[in-house]
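K.L.:
Here's a structure for you.
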Amino acid sequence: MAKENDNLMDKIISLCKRRGFIYQASEIYGGFANAFDYGPLGAQFKKNIKDEWWQKFVTERNDMVGLDSAIIQNPKVWEASGHLKSFTDPLVECKKCHKRFRQDHVEEAKAADKPSDEQKEMLYCKGTEEHEFTEAKNFNLMFKTFIGVSEDSASTAYLRPETAQGIFINFQNVIRSTRQKLPFGIAQIGKAFRNEITPGNFIFRTREFEQGEIEYFIKPENEESKKWYEYWIKEVDEFYTDLGIKRENLSTREHLKEELSHYSSGTSDIEYKFPFGISELAGIAQRTDFDLKAHGLHYFNEETGEKLIPYVVEPSMGIDRAALAFLIDAYDESDGKDGRAEGEITLHLHPKLAPIKAAVFPLMKKEGLPEIAKKIALDLRKAGIETYYDESGSVGKRYRRQDEIGTPWCITVDFDTIKDETVTIRNRDTMKQERIKILEITDLISSKLK
Ligand code: GAP
């Protein structure tokens with residue numbers, strides 16, 4: 001049973017650091033604001049999220065192919081896509097302290113009942129006085145860099161602010177090599193970079209992040225666009241609920257006209273109830289023929305002779321935001337009435353997402369128990385199941401260490417194991433233990449991960 005969680009974000013940040021999910025980047029040099037490194041457990045956890053995304057949206061579908069395009073492309077891409085001109089945020093600057101904020105975030109801070117620390121910074125200059133803001137100016141969010149030795153405009157290039165353009169510019173390559181017919185999609189997972197003015201809330205808004213994006217190409221008709229838009233909203237929502245996000249914490253919100261990106265004729269966000277407020281997890285946009293037209297690309301069906309510029313529906317999600325939502329949703333601190341001691345933490349991560357699937361313990365470090373346990377751990381690893389071997393401390397302590405990182409199954413080798421080749425397997429969520437044969441362990445766990 002969950003305790004009411006005050007300061008949930010602080011608790012999650014602390015757990016992530018302590019157990020090696022997520023560290024502050026460049027920590028030994030005093031850190032680097034709003035940048036994070038995924039530690040051993042975090043790297044595996046994030047990989048599991050990406051693998052599940054790829055499995056659902058690419059591997060299981062006949063109408064989807066994958067791509068892995070370059071981060072730095074010809075700068076003409078960003079000119080054509082409209083990002084150079086329009087990928088901007090309106091920015092206000094305080095005339096006294098010269099701090100800059102996004103105008104819409106300042107408006108949100110003004111409207112907040114209980115402003116967060118970050119919002120207080122937007123409201124007050126040097127602690128108490130109000131800021132004196134300039135008129136809003138548009139600020140381009142793309143990171144600039146220079147290619148080669150000279151630093152002039154001829155060598156300027158940009159880090160991609162979305163993975164999507166890599167898909168659009170490869171549209172004809174992909175059709176030529178795969179002979180896909182409409183409707184079909186191209187999917188890609190990769191890093192994107194934005195010079196966010198007000199990053200914050202841990203890994204929620206950072207300047208370097210990962211996206212999972214699909215550009216789904218359809219006939220250029222408004223009815224088709226609407227149909228696939230609704231379809232993809234459902235699919236994306238299902239991605240989160242299938243992997244354990246509680247229904248009541250998810251919602252869908254359609255963008256107002258004035259919020260729409262320069263390429264979109266209609267967007268809906270899938271939102272999550274984060275501890276700092278309901279915020280965007282993913283966006284599904286109707287990009288019409290905006291991008292293909294901008295790049296001068298079209299679709300030609302060799303069999304029918306049909307030539308057209310398809311419309312596009314784009315489901316786009318942040319992998320880091322998904323990671324944060326999965327962690328928050330899974331976090332549980334015992335109230336002491338559920339068989340655990342008060343304050344004990346369990347991460348009820350979906351087994352497919354859990355970084356470690358099984359932990360193997362010898363009851364004691366004697367009479368050959370460690371050797372048997374190590375052999376079980378090795379067999380599990382060889383079967384592709386991430387496994388942790390632990391022989392230190394009481395078994396209760398070892399269970400708690402695993403509960404805290406979301407390990408779904410703990411296997412204990414005891415003295416009966418020597419007699420009858422059985423072990424106990426404990427379920428993280430129910431805490432129930434069953435006795436099973438050593439030979440059954442791998443199949444049992446594998447079947448639950450399907
Ligand atoms: N290609 C469309 C696109 O990029 P977006 O709504 O700007 O649309 C898509 O971004 C998703 O990427 C968002 O729903 C969010 O999950 C993630 N995202 C965007 N900016 C982010 C940031 N600064 N930090 C972390 N994730 C971000």
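Naming scheme: A, B, ... for chains in displayed order of the structure tokens; residues 1 onward per chain; ligands 1 onward as shown.
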So which residues are near ligand 1, meaning at most 6 Å away with only C-alpha atoms and all ligand atoms counted, given back as a PyMOL selection string?

P.N.:
chain A and resi 162+164+204-207+209+211+280-283+316-318+321

K.L.:
Excluding same-chain residues fewer than 3 positions from range 425-438 of chain A, what lies within 9 Å of it counting only C-alpha atoms, as a list in words?

P.N.:
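The contact residues come out as Gly339, Thr346, Leu347, His348, Ile376, Tyr399, Gln402, Asp403, Gly406, Thr407, Pro408, Trp409, Cys410, Ile411, Thr412, Thr417, Asp420, Glu421, Thr422, Ile441 and Thr442 of chain A.
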
K.L.:
Please list as a PyMOL selection string every residue within 10 Å of Tyr272 in chain A, counting only C-alpha atoms and excluding residues in the same chain fewer than 3 positions away.

P.N.:
chain A and resi 240+245-252+269+275+277-282+321-322+325+329

K.L.:
For a test of reading the model, state the distance in Å between CA of Ile345 in chain A and CA of Arg19 in chain A, rounded to one decimal.

P.N.:
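CA of Arg19 in chain A lies at a distance of 12.1 Å from CA of Ile345 in chain A.
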
K.L.:
Please determine, counting only C-alpha atoms, which residue among A:Leu349, A:Ile203, A:Ala354, A:Val413 has the shortest atom-to-atom distance to Ile13 in chain A.

P.N.:
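Checking each candidate against Ile13 in chain A, we get A:Ile203 as the closest.
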